[in-house]
Amino acid sequence: MKSVWDVIKGPVITEKAIKLKEASQDKKQLLTFYVATDANKIEISNAVEKIFQVKVDSVRLANYEGKEKRKGRSVGRRPDWKKAYVTIKAGEKAVEYGDIA
């Protein structure tokens, strides 16, 4: 059985993710996480609920293929990864990524 930390790898800290999180403060809060590539919506929802003690409204997933990287003649590949957009139900407490500890 996977632990919640095997499912949730970490928060996405980018300009777009922070704008989405801050724009949704008045209604439902939208959080963005890096997740395991084999994780499904139910596992992600349960992990977020357990970590932050909030109710999850919905989960959307996005799969990304790793890019090809070159150094001279050598060719390598970055790993594939998955991102989850988690919507917290309205009326729940505001979640800060510092709460993960």
# chains A, B, ... in the order shown; residues from 1 in each chain; ligands from 1

call {"tool": "select_by_dssp", "arguments": {"residues": "chain A", "states": "helix (DSSP H, G or I)", "output": "list of chain:residue names"}}
result
A:Val4, A:Trp5, A:Asp6, A:Val7, A:Glu15, A:Lys16, A:Ala17, A:Ile18, A:Lys19, A:Leu20, A:Lys21, A:Glu22, A:Ala23, A:Lys41, A:Ile42, A:Glu43, A:Ile44, A:Ser45, A:Asn46, A:Ala47, A:Val48, A:Glu49, A:Lys50, A:Ile51, A:Phe52, A:Tyr97, A:Gly98, A:Asp99, A:Ile100

call {"tool": "residues_around", "arguments": {"residues": "A:Val54", "least_positions_apart": "6", "cutoff": "8 Å", "atoms": "only C-alpha atoms", "output": "PyMOL selection string"}}
result
chain A and resi 48+88-89+92-93

call {"tool": "select_by_dssp", "arguments": {"residues": "stretch 1-99 of chain A", "states": "strand (DSSP E)", "output": "PyMOL selection string"}}
result
chain A and resi 8-11+29-35+56-64+68-71+74-77+81-88

call {"tool": "residues_around", "arguments": {"residues": "stretch 74-85 of chain A", "least_positions_apart": "2", "cutoff": "10 Å", "atoms": "only C-alpha atoms", "output": "number ranges by chain"}}
result
A: 8-12, 17, 20, 30-41, 44-45, 58-72, 87-88

call {"tool": "write_last_selection", "arguments": {"atoms": "C-alpha atoms", "output": "PDB file, in the first residue's frame"}}
result
ATOM      1  CA  ILE A   8       2.082  13.418  -3.588  1.00  0.00           C
ATOM      2  CA  LYS A   9       5.649  14.300  -4.598  1.00  0.00           C
ATOM      3  CA  GLY A  10       5.413  18.032  -3.844  1.00  0.00           C
ATOM      4  CA  PRO A  11       3.680  21.293  -4.689  1.00  0.00           C
ATOM      5  CA  VAL A  12       4.143  23.044  -8.005  1.00  0.00           C
ATOM      6  CA  ALA A  17       0.250  27.775 -10.081  1.00  0.00           C
ATOM      7  CA  LEU A  20      -4.384  29.971  -9.731  1.00  0.00           C
ATOM      8  CA  LEU A  30      -7.149  25.359  -6.457  1.00  0.00           C
ATOM      9  CA  LEU A  31      -3.874  23.629  -5.544  1.00  0.00           C
ATOM     10  CA  THR A  32      -1.304  22.134  -7.905  1.00  0.00           C
ATOM     11  CA  PHE A  33       0.939  19.143  -7.089  1.00  0.00           C
ATOM     12  CA  TYR A  34       3.538  16.905  -8.701  1.00  0.00           C
ATOM     13  CA  VAL A  35       2.219  13.359  -8.242  1.00  0.00           C
ATOM     14  CA  ALA A  36       3.352   9.809  -8.947  1.00  0.00           C
ATOM     15  CA  THR A  37       2.884   8.762 -12.561  1.00  0.00           C
ATOM     16  CA  ASP A  38       0.816   5.714 -11.533  1.00  0.00           C
ATOM     17  CA  ALA A  39      -1.439   7.615  -9.097  1.00  0.00           C
ATOM     18  CA  ASN A  40      -5.137   7.952  -9.875  1.00  0.00           C
ATOM     19  CA  LYS A  41      -7.665  10.628  -8.891  1.00  0.00           C
ATOM     20  CA  ILE A  44      -4.613  11.833  -4.934  1.00  0.00           C
ATOM     21  CA  SER A  45      -7.864  13.031  -3.366  1.00  0.00           C
ATOM     22  CA  SER A  58     -12.411  17.557  -7.701  1.00  0.00           C
ATOM     23  CA  VAL A  59      -9.093  16.423  -9.168  1.00  0.00           C
ATOM     24  CA  ARG A  60      -7.831  17.025 -12.716  1.00  0.00           C
ATOM     25  CA  LEU A  61      -4.692  15.356 -14.059  1.00  0.00           C
ATOM     26  CA  ALA A  62      -2.158  16.267 -16.724  1.00  0.00           C
ATOM     27  CA  ASN A  63       0.502  13.864 -18.036  1.00  0.00           C
ATOM     28  CA  TYR A  64       3.780  15.225 -19.378  1.00  0.00           C
ATOM     29  CA  GLU A  65       6.376  13.390 -21.421  1.00  0.00           C
ATOM     30  CA  GLY A  66      10.019  13.866 -20.481  1.00  0.00           C
ATOM     31  CA  LYS A  67      12.113  15.928 -22.848  1.00  0.00           C
ATOM     32  CA  GLU A  68      15.111  14.673 -24.789  1.00  0.00           C
ATOM     33  CA  LYS A  69      18.355  16.276 -23.579  1.00  0.00           C
ATOM     34  CA  ARG A  70      21.683  16.273 -25.394  1.00  0.00           C
ATOM     35  CA  LYS A  71      25.279  16.829 -24.279  1.00  0.00           C
ATOM     36  CA  GLY A  72      27.422  16.669 -27.359  1.00  0.00           C
ATOM     37  CA  THR A  87      -9.952  21.833  -6.046  1.00  0.00           C
ATOM     38  CA  ILE A  88     -10.802  22.201  -2.346  1.00  0.00           C
TER      39      ILE A  88
END

call {"tool": "atom_distance", "arguments": {"atom1": "atom CA of A:Val4", "atom2": "atom CA of A:Gln53"}}
result
12.7 Å

call {"tool": "closest_residue", "arguments": {"among": "A:Ala47, A:Asp6, A:Lys21, A:Asp57", "to": "A:Ala94", "atoms": "only C-alpha atoms"}}
result
A:Lys21

call {"tool": "closest_residue", "arguments": {"among": "A:Val95, A:Ile18, A:Lys2, A:Val7", "to": "A:Phe52", "atoms": "only C-alpha atoms"}}
result
A:Val95

call {"tool": "decode", "arguments": {"residues": "stretch 65-99 of chain A", "atoms": "C-alpha atoms", "output": "tab-separated table (two decimals), in the first residue's frame"}}
result
chain	number	residue	atom	x	y	z
A	65	GLU	CA	6.38	13.39	-21.42
A	66	GLY	CA	10.02	13.87	-20.48
A	67	LYS	CA	12.11	15.93	-22.85
A	68	GLU	CA	15.11	14.67	-24.79
A	69	LYS	CA	18.36	16.28	-23.58
A	70	ARG	CA	21.68	16.27	-25.39
A	71	LYS	CA	25.28	16.83	-24.28
A	72	GLY	CA	27.42	16.67	-27.36
A	73	ARG	CA	26.85	13.31	-29.02
A	74	SER	CA	25.22	11.78	-25.94
A	75	VAL	CA	21.45	11.72	-25.86
A	76	GLY	CA	19.46	11.32	-22.66
A	77	ARG	CA	15.88	11.64	-21.61
A	78	ARG	CA	14.20	13.24	-18.63
A	79	PRO	CA	11.54	11.15	-16.89
A	80	ASP	CA	7.82	11.45	-17.62
A	81	TRP	CA	5.78	13.16	-14.89
A	82	LYS	CA	2.23	13.93	-13.85
A	83	LYS	CA	0.62	17.08	-12.43
A	84	ALA	CA	-2.64	17.24	-10.45
A	85	TYR	CA	-4.96	20.22	-10.09
A	86	VAL	CA	-6.88	19.71	-6.83
A	87	THR	CA	-9.95	21.83	-6.05
A	88	ILE	CA	-10.80	22.20	-2.35
A	89	LYS	CA	-14.49	22.55	-1.41
A	90	ALA	CA	-15.83	26.04	-0.65
A	91	GLY	CA	-15.80	26.97	3.02
A	92	GLU	CA	-12.73	24.90	3.89
A	93	LYS	CA	-9.70	26.48	5.53
A	94	ALA	CA	-7.06	28.03	3.30
A	95	VAL	CA	-4.18	25.67	2.59
A	96	GLU	CA	-0.57	26.86	2.62
A	97	TYR	CA	2.22	24.68	1.27
A	98	GLY	CA	4.17	25.26	4.49
A	99	ASP	CA	1.59	23.02	6.22
